[in-house]
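J.: First the structure, then my questions, so here it is.
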Amino acid sequence: MNSKTVIVVLLFLIMSPELNAGEIISNIQKLGFINLTHRSTNNSIANVTGFTKNGREYAIVAVSDGGISIVDVTTPSNPVEVSFVPIPTGADRLYYAEYYSRGYIYATMRPGPLQIINVKDPSNAFEVGQYSQGFSEAYRPWVDERNNRLYLVDTENNPNSYNLLILDISDPENPTEIGGYSSTYHHIYLRNDTLWGFTFGKGVSVLDVSDLSNILLIKRFDPGLPQTHSGWLHDNGKYLTVDHEYAPGEGPDSLGGHLQIFNVENISTANPILLSEYYTATNHTGEASLHHSYWYYNLIYMSYWTEGVRIIDASDPTNPIEVGVYDWEDPNINGIYRDAWGIFPYLPSRNLLVTDRKTGLYILDFLNDGPGIRHLHKDTLSLNQNTFTGEFTQINGNPIIADSCTVYWRRQVTEPWNTTSVQQKNDSTFEFSISLPPGTDKIEYYIEVSDNNGNKTRAPGKAPFLEWYSTYFISDNPLPVNLILFTAKVRNRNVILHWQTASEINNAGFILKRQIVGKDSNFIQIAHYAHNKQLQGAGNSNTTHNYYYIDKDLQSQIIRYVLLSESYSGKIESFGPIEVNIGNNRFSETTELQCFPNPFNDILKIRLNLTQNQLYDSPTSLYILNITGEVVYTIFENKIITDQQNVFTWNAQDTASGVYFLVLSSPQFQKIKKVILLK
């Protein structure tokens, strides 16, 4: 967006009939709004955070007395609530919830447990568990992606007197306490092994948490104001914002709660240096209180209780300059705790998520920030070559300059970031390619783009310290799960479903769906690994695993089943369908599919063994797939099998060496067997 466009937009905002007389707006426009008061008895909307999934953007809104609202904000002019997870029974004051990249949300409340929500499918979010061991309430959670840990801040009633409780979330649905600290912090900021704790009346503490059995206090300093609330660290590690929150009658009325910027470059050896302070120029009552601040490059995004959204340019931290305002109620005559509770400035689109305590969620656009992009991240890929390729699309803002863009990548969190360049594919699409060292099974990466004015954007937004994309590679199979067997057996009025995996990559678990022919128009979910431990996946495994599920007390009918596998980040693979007839036990035994030799050279012999009572009255196909899912050879198709034993041959003399899949498919079952051709 050029300067002329900015002027036109600002004139439109000033002249718009929708602009309330009490609004103050500068360089920010409203893109959309969703009212969430139907979720709250007391009109109490709390914090907001965001995440991306399959190229779409979502807001996580904490409704204090209601629960967690998941809002699709991909089209900001039309935000849609796609899921709602109610607060646990007996809980209250749910203020904060945080997203974990493995597809979970952790929500805290006072009082109440830690609520664990599966959001791998944002349109079908649901609670998978609660955790309350060692505490009765917690103010907010902080997810440590680097170490797979969850910090619970300001907890109560821990037997070890921990107010800061630390959990291991390597198994996201089953947290385990691994440490804690006795000091009470209202908010924290964590980078690597250094934790910054903010405490009302006690200032800021800096901790070394590299050894949880021996957490060390590095420094405690007094910012000079009594209501230290929260803060955020600049990318360069030198500058720390400290937010101060004043209720009416607290602190200097001429300033209200406001922002301080400190130089903390030498925090271990020297006291912080106060560089500057910022407070709003429109503070009429002395009650204009800052709630949260967030660095994005050299911009600081702030949510104010009674002063709305404020953005300052702190390129010179000694002289911060206000560059953006969206205050939807001025003057502020109805007390504190009104306008903006929280702000989230880290979506790749660069759209801002802002919660209004009384009404709902705003989607705003700061007109002078970097370009918005969309990137479809894939969590698991087949590695056929020693390169990883990706692309992203520009969706708004000034033109991106490809030569000024960089993709940063590493194989594990302990390595330094490597870089690769970006090429322009067409007017709005850009691509990149990463040459992978031999033996690479995973990379972490993030994208940094720059427009023709030098404004920058990162995806994901809190990279490189707090989040990044992760992609796993597998060398011989593009699917997270290599399924070699999926059958259904009828026993009286029960159906015994059995499936077997040869290997699993990043597999969280399985989901079963059922369709009753003639009754159901769609497949309906009947079992989910979140509620059935026997359906939980093996994660990463190269050994065979067997899974079973019994669908009980069924009527005489024809039933179809579909099996889904779900990766940790929500990627879904589908197997089936298979079909059974409850009134006919003809399909009550398992078909055996044998291949020999395996691996083989040119000639593969295939034997299909059927038990004597297995007489199929429907077509069956036997064919060969390559690792990309293409049919390379059909052994037979639409054949009715009635013999007890069938022997077939695949002559692969003209076929390249590699991994292939032998697939036997009929309406009753599907079997897949991996075979290896070596020449």
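Residues are referred to by chain and number: the chain letter is A, B, ... according to the order shown in the structure tokens, the number counts from 1 in that chain, and ligands are numbered separately from 1 in the order shown.
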Env of A:Ile400: 9 Å cut, atoms = only C-alpha atoms, seq-sep filter 4 positions within chain, self excluded. Answer as a PDB file with N, CA and C atoms, in the first residue's frame.

T.:
```
ATOM      1  N   PRO A 371       4.257  -6.676   4.636  1.00  0.00           N
ATOM      2  CA  PRO A 371       3.285  -7.362   3.781  1.00  0.00           C
ATOM      3  C   PRO A 371       2.733  -8.617   4.447  1.00  0.00           C
ATOM      4  N   GLN A 394       1.782 -13.772  -1.402  1.00  0.00           N
ATOM      5  CA  GLN A 394       1.481 -12.476  -0.806  1.00  0.00           C
ATOM      6  C   GLN A 394      -0.013 -12.219  -0.914  1.00  0.00           C
ATOM      7  N   SER A 404      15.242  -9.596  -1.114  1.00  0.00           N
ATOM      8  CA  SER A 404      15.341  -9.187   0.294  1.00  0.00           C
ATOM      9  C   SER A 404      14.676 -10.179   1.236  1.00  0.00           C
ATOM     10  N   CYS A 405      14.281 -11.330   0.708  1.00  0.00           N
ATOM     11  CA  CYS A 405      13.611 -12.348   1.520  1.00  0.00           C
ATOM     12  C   CYS A 405      14.572 -13.495   1.825  1.00  0.00           C
ATOM     13  N   SER A 428       2.478 -12.947  -7.362  1.00  0.00           N
ATOM     14  CA  SER A 428       2.187 -13.006  -5.931  1.00  0.00           C
ATOM     15  C   SER A 428       2.763 -14.232  -5.228  1.00  0.00           C
ATOM     16  N   VAL A 449      10.222 -11.983   5.028  1.00  0.00           N
ATOM     17  CA  VAL A 449      10.045 -11.272   3.762  1.00  0.00           C
ATOM     18  C   VAL A 449      10.136  -9.778   3.998  1.00  0.00           C
ATOM     19  N   SER A 450      10.422  -9.043   2.922  1.00  0.00           N
ATOM     20  CA  SER A 450      10.577  -7.593   3.000  1.00  0.00           C
ATOM     21  C   SER A 450       9.913  -6.960   1.786  1.00  0.00           C
ATOM     22  N   ASP A 451       9.218  -5.820   2.002  1.00  0.00           N
ATOM     23  CA  ASP A 451       8.577  -5.147   0.876  1.00  0.00           C
ATOM     24  C   ASP A 451       9.486  -4.059   0.313  1.00  0.00           C
ATOM     25  N   ASN A 452       8.966  -3.312  -0.663  1.00  0.00           N
ATOM     26  CA  ASN A 452       9.791  -2.306  -1.338  1.00  0.00           C
ATOM     27  C   ASN A 452      10.053  -1.074  -0.488  1.00  0.00           C
TER      28      ASN A 452
END
```

J.: When distances are computed from only C-alpha atoms, which of A:Leu664, A:Ile24, A:Ile60, A:Val323 shows the smallest separation from A:Asn368?

T.: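 Among the listed residues, the smallest separation from A:Asn368 belongs to A:Val323.
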
J.: List as a ChimeraX atom specification the protein and nucleic acid residues near A:Lys456, meaning an atom at most 12 Å away when only C-alpha atoms are counted, but skip any in the same chain fewer than 5 places from it.

T.: /A:296-299,348-350,368-373,397-402,404-406,447-451,461

J.: Env of A:Asn598: 8 Å cut, atoms = only C-alpha atoms, seq-sep filter 3 positions within chain, self excluded. Answer as a list in words.

T.: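 Listing them by chain and then by number gives Cys595, Leu604, Val675, Ile676 and Leu677 of chain A.
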
J.: Neighbouring residues of A:Leu195 were defined as those with any atom within 10 Å, considering only C-alpha atoms; residues of the same chain fewer than 2 positions away were excluded. Please report them as a PDB file with C-alpha atoms, in the first residue's frame.

T.:
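Saved to out.pdb:
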```
ATOM      1  CA  ILE A 188       6.447 -14.240  32.442  1.00  0.00           C
ATOM      2  CA  TYR A 189       8.481 -14.086  29.249  1.00  0.00           C
ATOM      3  CA  LEU A 190      10.764 -17.021  28.401  1.00  0.00           C
ATOM      4  CA  ARG A 191      13.582 -17.151  25.840  1.00  0.00           C
ATOM      5  CA  ASN A 192      15.852 -20.183  25.673  1.00  0.00           C
ATOM      6  CA  ASP A 193      16.829 -20.798  29.315  1.00  0.00           C
ATOM      7  CA  GLY A 197       9.093 -12.681  35.775  1.00  0.00           C
ATOM      8  CA  PHE A 198       6.860  -9.649  36.390  1.00  0.00           C
ATOM      9  CA  SER A 205      13.080 -10.957  38.228  1.00  0.00           C
ATOM     10  CA  VAL A 206      15.401 -12.752  35.813  1.00  0.00           C
ATOM     11  CA  LEU A 207      15.896 -16.511  36.264  1.00  0.00           C
ATOM     12  CA  ASP A 208      18.193 -19.137  34.809  1.00  0.00           C
ATOM     13  CA  VAL A 209      15.966 -22.194  34.213  1.00  0.00           C
ATOM     14  CA  SER A 210      18.498 -24.371  32.381  1.00  0.00           C
ATOM     15  CA  LEU A 217      18.017 -15.913  40.338  1.00  0.00           C
ATOM     16  CA  ILE A 218      20.165 -13.812  37.984  1.00  0.00           C
TER      17      ILE A 218
END
```

J.: Excluding A:Val63 and its own-chain neighbours fewer than 4 positions away, which residues fall within 7 Å of it when counting only C-alpha atoms? Please give them as a ChimeraX atom specification.

T.: /A:39-40,44-46,67-68,94

J.: For A:Thr414, which residue among A:Gly360, A:Arg146, A:His545, A:Tyr568 is the nearest when counting only C-alpha atoms?

T.: A:Arg146

J.: From the list A:Thr471, A:Asn351, A:Asn540, A:Thr655, which residue is nearest A:Phe366 when using only C-alpha atoms?

T.: A:Asn351

J.: I need the helix (DSSP H, G or I) residues of stretch 489-637 of chain A per DSSP on the backbone, written as an MDAnalysis selection string.

T.: chainID A and resid 533:535 585:587

J.: I need the residue nearest A:Asp316 from this list: A:Leu563, A:Leu347, A:Ile261, A:Val422. Use only C-alpha atoms for the distance.

T.: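 Using only C-alpha atoms, A:Asp316 sits closest to A:Ile261.
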
J.: Running DSSP on the backbone, which parts of stretch 478-623 of chain A land in strand (DSSP E), as a VMD selection string?

T.: chain A and resid 481 to 491 494 to 516 524 to 528 536 to 541 545 to 551 558 to 567 572 to 581 592 to 596 603 to 609 620 to 623

J.: Tell me which of A:Gly257, A:Tyr408, A:Thr419, A:Arg357 sits closest to A:Asn43, counting only C-alpha atoms.

T.: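 The answer is A:Arg357, which sits nearest to A:Asn43.
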
J.: Between atom CA of A:Asn271 and atom CA of A:Phe221, measure the distance and give it in Å to one decimal.

T.: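 If I compute the distance from atom CA of A:Asn271 to atom CA of A:Phe221, I get 7.3 Å.
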
J.: Considering only C-alpha atoms, return as a PyMOL selection string whatever protein or nucleic-acid residues lie within 10 Å of A:Val647, sequence-local ones (same chain, fewer than 3 positions apart) excluded.

T.: chain A and resi 594-595+605-609

J.: Using only C-alpha atoms, which residue out of A:Glu579, A:Asp65, A:Glu81, A:Glu329 lies closest to A:Leu361?

T.: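 Going through A:Glu579, A:Asp65, A:Glu81, A:Glu329 one by one, the smallest distance to A:Leu361 is for A:Glu81.
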